[in-house]
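As structure tokens, the structure follows; a few thoughts come after it.
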Amino acid sequence: MPISLPLRRLWTLDKFAYSLRVFIAFSAALLFSLYLGDIALVIPLFLGIIACALSETDDSWQGRLQALLVTLVCFTSASFIVQWLFPWPWLFALGLGISTFTLIMLGAIGQRYATIASGTLILSIYSMINIEQHGGVDADVASRQLLLLAGAAWYGVISVVWCVLFSRQPVKQSMARVYKTLGEFLILKSALFEPVRGVDVEARRVALARQNGKVVDALNQAKEMIFRRLEGQRGSQKLNRYLQIYFIAQDIHERASSTHYPYSALTEAFFHHDVLFRCQRLLDQQGRACRQLAKSLLLKRPFDHEQSEQALADLRASIDNLSERGKPEWRKLMRPLNALADNLATLEAQIASAHNPDTTSDRGDSALYDRSPSSLLEAWKRVQLNFTLGSPTFRHAVRLTTALMAGYGLLQWLDPEQGFWILLTTLFVCRPNFATTRRFLSQRILGTVLGLTAGWVSISLFPQPSVQSVIAVVAGVTFFANREKRYVVATASITLLVLCSFNQVGDGFDLIWPRLFDTLIGSLIAGLAVFFILPDWQGRRLYREAAKTITNHRRYLNEIIHQYEEGKQDDLAYRLARRNAHNADAALSTLLTNMLHEPGHYRKQDADNGLRFLVLSNTLLSHLSALGAHRHRLLEGEDDAALMPSAKRISELLDQLAEQLDKRQLVAPLNEPVSELLTQLDESGAANPDEQAMVMYRPIQSQLRLITEQLAPLGEAANRLTRTSTSIEEATRPNASV
């Protein structure tokens, strides 16, 4: 195998470029220190590099340069404020509290600002550690603070230059991630077609909903990457190509999410025939084709999807065979079965076009929605909206501020050696919700123990400073390569870096036990803070998140109705409504996952209620997606045009359900309006009873019926959420005021 292929594959890894930048920065800092003959310089330089790398945002090179300048201004201010206030503990504690609260609240403006704010807090604590290493404030400490900023600036320069040279590589990787997650979604979706009795369909639906969240997250990341690079480069042919690939991915997601008929009914009807196996095999092949497409995009290799094309032909032959048999009990199922095959055929064409989007027709409206604030006033309004106890950002700001001030007070009281590691641990472990905090807490402690063990072995076996410096560089790169997906490995690596680096200026063995105890104390503070200080128990927000989900589904339905009335257009309004519906569904899934990791008496008394609502909501979304997949302009005399009043009535009922759920009111029984709607749908467009059997299963009418049938179960599930959310709030009320 030629050596170029492994190198190309290595280049396609998400974290390779990130790790390579860090390696260059660390190596240069180490060589600079060796050149000056003062190995101790690596500590402030390394800390500055780490803080800046953690603050890195994804942007065009112009945007990254602007973000770097803002980051360096924040870093400089924080560094010297820490230095000035360090001799006065009470003033320092007050400044620490004010700055922490302010920076966390500024994160409400957007993810870019949240990342910079987090990095500034990290550098503030690194500044404390830098000062502590020299026993106070003097001229030497001031120069070390400048080295801290120099390390940050050095990495920032590398980051900007890298972005100039390889600006489109992150876009390519993000699009590959989209198609990879889409492939996993299609493979999971294919399991729903498996004609086997006795399987847990609800569990498969939950797994599909969670994978849908990953697809939505990947699409959102890809959209942000493309949008930031399109600013000022709208005419770039390559960027426009990625934009077309992104739009095709959205269309694939809509069709992949769609459900044309209850799979249980199809299983019962065709249990002894191969048609559902054909559907399953085709969808599975299309999922594998999406994964292959992801690799083709990264490696610029040919894309072969002949297997899925053959699977489609086999499915068509199987449906034709069923039609020829002409059994009366199958008559009403042939239309949805053909609609399913048509949808899969279109899906196949979309997958094929994604590899060569230049052959697709012009989409017209290719605008992307800009979620960043357009002015300082809008940014301030976003912050103002979060000044409420109901805001998770405000709760986290209060919680983290209190935790850091408590940690600072404790280290002043105990006066432990290397005490500022307590604050650093608290900052990294204390997260916006209990489930995430608990996960990071346990992983932080385990990673620290492993890192201290590895550090003890390293400085024992390799006492040479140069070898320890190399180990520190390797550990730093390993930290950045693993910090998002393997936090235990990342924590162990950064601990190893600290031991090897600090052993250059003192006795690293003396740091082992203080670092372990500081980690335990900082983790304890973070755990107590997230449990007692304005705890953000997910069960309390479940009913509101559920209401938001239904509201976004209703808006999606309204846009679909508009498309049927005015004609199919993939405009910004439609794409935004569709994306918001999927975002809300993914947010509900994430909330439920977090809720299930909370303590039992703070969790929903019946956690199945939330999962049942998620399944119903996801099923509703799948029927809306099917309705959207078939959208076209309905002519005035067309039979399906008579269905639009019923569709608008469904929207009204969804609005009513969402409003009552948001107010935590019991939803009025929907059985009667649902029954009336079903009667209207059955009668709409049927000229005589003989035609009704054929009319009943037209795609639009069929989907509206399926959507209507979800309303009553959704109302019942909403009432269960309302009752249990009330009881859980009463049970946890004493802790809410702490």
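Ordered as shown in the structure tokens, chains take letters A, B, and onward, while each chain numbers its residues from 1 and ligands are numbered from 1 in the order shown.
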Residues of region 483-586 of chain A within 10 Å of region 384-399 of chain A: nearest atom pair and distance (Å, one decimal) for each, counting only C-alpha atoms, sorted by chain and number, as a Markdown table?
```
| residue | atom | partner | partner_atom | distance |
| --- | --- | --- | --- | --- |
| A:Ala526 | CA | A:Arg399 | CA | 8.8 |
| A:Leu528 | CA | A:Arg399 | CA | 9.9 |
| A:Ala529 | CA | A:Arg399 | CA | 6.0 |
| A:Val530 | CA | A:Arg399 | CA | 6.8 |
| A:Phe531 | CA | A:Arg399 | CA | 9.6 |
| A:Phe532 | CA | A:Arg399 | CA | 8.9 |
| A:Ile533 | CA | A:Arg399 | CA | 5.7 |
| A:Leu534 | CA | A:Arg395 | CA | 5.9 |
| A:Pro535 | CA | A:Arg395 | CA | 7.6 |
| A:Asp536 | CA | A:Pro392 | CA | 6.9 |
| A:Arg541 | CA | A:Gly390 | CA | 9.0 |
```
Kindly export the residues of the current selection with N, CA and C atoms, as a CSV table (one decimal), in the first residue's frame.
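Output below, filename selection.csv:
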```csv
chain,number,residue,atom,x,y,z
A,526,ALA,N,-17.6,21.1,43.3
A,526,ALA,CA,-18.4,21.1,42.1
A,526,ALA,C,-19.6,20.3,42.2
A,528,LEU,N,-21.2,19.4,45.1
A,528,LEU,CA,-22.1,20.0,46.0
A,528,LEU,C,-22.8,21.2,45.4
A,529,ALA,N,-22.1,22.0,44.6
A,529,ALA,CA,-22.7,23.1,44.0
A,529,ALA,C,-23.8,22.8,43.0
A,530,VAL,N,-23.5,21.8,42.2
A,530,VAL,CA,-24.6,21.5,41.2
A,530,VAL,C,-25.8,20.8,41.8
A,531,PHE,N,-25.6,20.2,43.0
A,531,PHE,CA,-26.7,19.5,43.7
A,531,PHE,C,-27.5,20.5,44.6
A,532,PHE,N,-26.9,21.5,45.2
A,532,PHE,CA,-27.6,22.4,46.1
A,532,PHE,C,-27.8,23.8,45.6
A,533,ILE,N,-27.0,24.3,44.7
A,533,ILE,CA,-27.2,25.7,44.4
A,533,ILE,C,-28.0,25.8,43.1
A,534,LEU,N,-29.2,26.3,43.2
A,534,LEU,CA,-30.1,26.4,42.0
A,534,LEU,C,-30.0,25.2,41.1
A,535,PRO,N,-30.2,24.0,41.7
A,535,PRO,CA,-30.1,22.8,40.8
A,535,PRO,C,-31.0,22.8,39.6
A,536,ASP,N,-30.5,22.5,38.5
A,536,ASP,CA,-31.3,22.5,37.2
A,536,ASP,C,-31.7,21.1,36.9
A,541,ARG,N,-38.0,20.9,33.8
A,541,ARG,CA,-38.1,21.6,32.5
A,541,ARG,C,-38.7,20.7,31.4
```
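The residue set within 7 Å of region 477-482 of chain A, counting only C-alpha atoms and dropping same-chain residues fewer than 3 places from it, reads Lys15, Ser19, Val22, Phe23, Val473, Val474, Lys485, Arg486, Tyr487, Val489, Ala490, Thr491, Ser493 and Ile494 of chain A.
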Would you save the residues of that selection, restricted to all heavy atoms, as an mmCIF file, in the first residue's frame?
```cif
data_model
loop_
_atom_site.group_PDB
_atom_site.id
_atom_site.type_symbol
_atom_site.label_atom_id
_atom_site.label_comp_id
_atom_site.auth_asym_id
_atom_site.auth_seq_id
_atom_site.Cartn_x
_atom_site.Cartn_y
_atom_site.Cartn_z
ATOM 1 N N LYS A 15 -9.359 15.471 14.645
ATOM 2 C CA LYS A 15 -8.451 16.057 15.628
ATOM 3 C C LYS A 15 -6.997 16.100 15.173
ATOM 4 O O LYS A 15 -6.144 16.573 15.926
ATOM 5 C CB LYS A 15 -8.552 15.263 16.939
ATOM 6 C CG LYS A 15 -9.893 15.407 17.649
ATOM 7 C CD LYS A 15 -10.170 16.849 18.003
ATOM 8 C CE LYS A 15 -11.528 17.021 18.651
ATOM 9 N NZ LYS A 15 -11.832 18.446 18.913
ATOM 10 N N SER A 19 -4.384 18.664 16.750
ATOM 11 C CA SER A 19 -3.260 18.120 17.508
ATOM 12 C C SER A 19 -1.926 18.545 16.902
ATOM 13 O O SER A 19 -0.960 18.808 17.639
ATOM 14 C CB SER A 19 -3.351 16.596 17.548
ATOM 15 O OG SER A 19 -4.584 16.168 18.111
ATOM 16 N N VAL A 22 -1.121 22.076 17.968
ATOM 17 C CA VAL A 22 -0.663 22.085 19.362
ATOM 18 C C VAL A 22 0.766 21.559 19.453
ATOM 19 O O VAL A 22 1.598 22.098 20.193
ATOM 20 C CB VAL A 22 -1.612 21.239 20.238
ATOM 21 C CG1 VAL A 22 -1.048 21.066 21.639
ATOM 22 C CG2 VAL A 22 -2.987 21.890 20.308
ATOM 23 N N PHE A 23 1.055 20.502 18.689
ATOM 24 C CA PHE A 23 2.413 19.933 18.697
ATOM 25 C C PHE A 23 3.436 20.970 18.236
ATOM 26 O O PHE A 23 4.508 21.116 18.835
ATOM 27 C CB PHE A 23 2.450 18.699 17.798
ATOM 28 C CG PHE A 23 3.826 18.126 17.622
ATOM 29 C CD1 PHE A 23 4.415 17.390 18.636
ATOM 30 C CD2 PHE A 23 4.539 18.339 16.443
ATOM 31 C CE1 PHE A 23 5.700 16.869 18.478
ATOM 32 C CE2 PHE A 23 5.820 17.823 16.279
ATOM 33 C CZ PHE A 23 6.394 17.084 17.311
ATOM 34 N N VAL A 473 5.347 17.308 26.059
ATOM 35 C CA VAL A 473 4.806 17.707 24.750
ATOM 36 C C VAL A 473 3.846 16.646 24.223
ATOM 37 O O VAL A 473 2.734 16.955 23.760
ATOM 38 C CB VAL A 473 5.955 17.955 23.753
ATOM 39 C CG1 VAL A 473 5.392 18.133 22.339
ATOM 40 C CG2 VAL A 473 6.764 19.179 24.153
ATOM 41 N N VAL A 474 4.260 15.381 24.284
ATOM 42 C CA VAL A 474 3.410 14.286 23.814
ATOM 43 C C VAL A 474 2.117 14.233 24.624
ATOM 44 O O VAL A 474 1.022 14.038 24.073
ATOM 45 C CB VAL A 474 4.165 12.942 23.905
ATOM 46 C CG1 VAL A 474 3.235 11.785 23.566
ATOM 47 C CG2 VAL A 474 5.368 12.946 22.975
ATOM 48 N N LYS A 485 -13.891 13.336 23.497
ATOM 49 C CA LYS A 485 -14.509 12.012 23.462
ATOM 50 C C LYS A 485 -13.954 11.054 24.515
ATOM 51 O O LYS A 485 -14.636 10.098 24.888
ATOM 52 C CB LYS A 485 -14.340 11.393 22.067
ATOM 53 C CG LYS A 485 -15.087 12.151 20.985
ATOM 54 C CD LYS A 485 -14.954 11.458 19.634
ATOM 55 C CE LYS A 485 -15.736 12.200 18.557
ATOM 56 N NZ LYS A 485 -15.600 11.540 17.230
ATOM 57 N N ARG A 486 -12.731 11.275 24.975
ATOM 58 C CA ARG A 486 -12.109 10.381 25.966
ATOM 59 C C ARG A 486 -11.542 11.239 27.087
ATOM 60 O O ARG A 486 -10.335 11.452 27.186
ATOM 61 C CB ARG A 486 -11.018 9.531 25.309
ATOM 62 C CG ARG A 486 -11.519 8.686 24.138
ATOM 63 C CD ARG A 486 -10.358 7.954 23.471
ATOM 64 N NE ARG A 486 -10.800 7.248 22.269
ATOM 65 C CZ ARG A 486 -10.853 7.806 21.069
ATOM 66 N NH1 ARG A 486 -10.498 9.080 20.905
ATOM 67 N NH2 ARG A 486 -11.259 7.114 20.025
ATOM 68 N N TYR A 487 -12.430 11.702 27.961
ATOM 69 C CA TYR A 487 -12.031 12.679 28.970
ATOM 70 C C TYR A 487 -11.086 12.072 30.005
ATOM 71 O O TYR A 487 -10.243 12.774 30.564
ATOM 72 C CB TYR A 487 -13.264 13.269 29.650
ATOM 73 C CG TYR A 487 -12.955 14.498 30.468
ATOM 74 C CD1 TYR A 487 -12.551 15.678 29.852
ATOM 75 C CD2 TYR A 487 -13.044 14.479 31.859
ATOM 76 C CE1 TYR A 487 -12.245 16.805 30.592
ATOM 77 C CE2 TYR A 487 -12.752 15.603 32.607
ATOM 78 C CZ TYR A 487 -12.348 16.766 31.965
ATOM 79 O OH TYR A 487 -12.037 17.878 32.703
ATOM 80 N N VAL A 489 -8.716 9.826 29.424
ATOM 81 C CA VAL A 489 -7.393 9.875 28.789
ATOM 82 C C VAL A 489 -6.876 11.314 28.748
ATOM 83 O O VAL A 489 -5.693 11.575 29.016
ATOM 84 C CB VAL A 489 -7.459 9.285 27.369
ATOM 85 C CG1 VAL A 489 -6.118 9.417 26.659
ATOM 86 C CG2 VAL A 489 -7.893 7.831 27.413
ATOM 87 N N ALA A 490 -7.753 12.244 28.439
ATOM 88 C CA ALA A 490 -7.350 13.656 28.371
ATOM 89 C C ALA A 490 -6.884 14.159 29.734
ATOM 90 O O ALA A 490 -5.861 14.844 29.842
ATOM 91 C CB ALA A 490 -8.516 14.502 27.857
ATOM 92 N N THR A 491 -7.631 13.823 30.788
ATOM 93 C CA THR A 491 -7.251 14.265 32.136
ATOM 94 C C THR A 491 -5.934 13.638 32.563
ATOM 95 O O THR A 491 -5.071 14.308 33.158
ATOM 96 C CB THR A 491 -8.350 13.890 33.136
ATOM 97 O OG1 THR A 491 -9.589 14.474 32.725
ATOM 98 C CG2 THR A 491 -8.006 14.389 34.525
ATOM 99 N N SER A 493 -3.570 12.738 30.616
ATOM 100 C CA SER A 493 -2.511 13.357 29.810
ATOM 101 C C SER A 493 -2.125 14.726 30.344
ATOM 102 O O SER A 493 -0.930 15.049 30.458
ATOM 103 C CB SER A 493 -2.977 13.467 28.355
ATOM 104 O OG SER A 493 -3.293 12.201 27.826
ATOM 105 N N ILE A 494 -3.115 15.548 30.676
ATOM 106 C CA ILE A 494 -2.791 16.887 31.160
ATOM 107 C C ILE A 494 -2.139 16.825 32.537
ATOM 108 O O ILE A 494 -1.280 17.646 32.883
ATOM 109 C CB ILE A 494 -4.056 17.784 31.178
ATOM 110 C CG1 ILE A 494 -3.671 19.266 31.213
ATOM 111 C CG2 ILE A 494 -4.962 17.447 32.343
ATOM 112 C CD1 ILE A 494 -3.017 19.753 29.956
#
```
Surrounding residues of Leu72 (chain A) excluding itself and chain neighbours under 3 positions, 8 Å, only C-alpha atoms, as a list in words: Leu68, Leu69, Phe75, Thr76, Leu149, Ala152 and Ala153 of chain A
Within 9 Å of region 255-266 of chain A, counting only C-alpha atoms, which residues show up once you throw out same-chain ones fewer than 3 positions away? Write them as JSON, numbers by chain, please.
-> {"A": [182, 185, 186, 189, 192, 193, 195, 201, 212, 250, 251, 252, 269, 270, 271, 276, 283, 333, 336, 337, 339, 340, 343, 344, 346, 347, 618, 619, 621, 622, 623, 624, 625, 626, 627, 628, 629, 699, 702, 703, 706]}
Next item on the list: Enumerate the residues of region 448-569 of chain A with a DSSP assignment of alpha helix (DSSP H), computed from the backbone, and present them as a ChimeraX atom specification.
Entry: /A:448-461,465-482,487-502,509-532,538-566
Using only C-alpha atoms, which residues sit within 7 Å of region 562-568 of chain A once same-chain residues fewer than 6 positions away are excluded, as an MDAnalysis selection string? chainID A and resid 631:634
Selection above as a file: C-alpha atoms, as a PDB file, in the first residue's frame:
```pdb
ATOM      1  CA  ARG A 631     -45.083  18.699  -1.136  1.00  0.00           C
ATOM      2  CA  HIS A 632     -46.112  20.360  -4.405  1.00  0.00           C
ATOM      3  CA  ARG A 633     -48.557  23.059  -5.376  1.00  0.00           C
ATOM      4  CA  LEU A 634     -52.175  21.921  -5.202  1.00  0.00           C
TER       5      LEU A 634
END
```
CA of Leu121 (chain A) sits from CA of Thr590 (chain A) at a separation of 26.8 Å
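If you look at CA of Thr12 (chain A) and CA of Lys295 (chain A), they are 9.0 Å away from each other.
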Among A:Gln710, A:Arg331, A:Val196, A:Gly37, Glu268 (chain A) is approached most closely, using only C-alpha atoms, by A:Val196
Could I get the residues of region 519-561 of chain A with an atom no further than 7 Å from an atom of region 411-432 of chain A, each paired with its nearest atom pair and that distance in Å to one decimal, using only C-alpha atoms, sorted by chain and residue number, as a tab-separated table?
```
residue	atom	partner	partner_atom	distance
A:Thr519	CA	A:Thr425	CA	5.8
A:Ile521	CA	A:Ile422	CA	6.3
A:Gly522	CA	A:Ile422	CA	4.5
A:Ser523	CA	A:Thr426	CA	5.8
A:Ile525	CA	A:Thr426	CA	6.6
A:Ala526	CA	A:Cys430	CA	4.8
A:Val530	CA	A:Cys430	CA	6.9
```
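Of the residues under consideration (A:Ala53, A:Leu293, A:Ala150, A:Ala191), A:Ala53 shows the shortest atom-to-atom contact distance to Thr120 (chain A) when counting only C-alpha atoms.
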As a check of understanding: the span from CA of Ala341 (chain A) to CA of Asp570 (chain A) is 22.7 Å
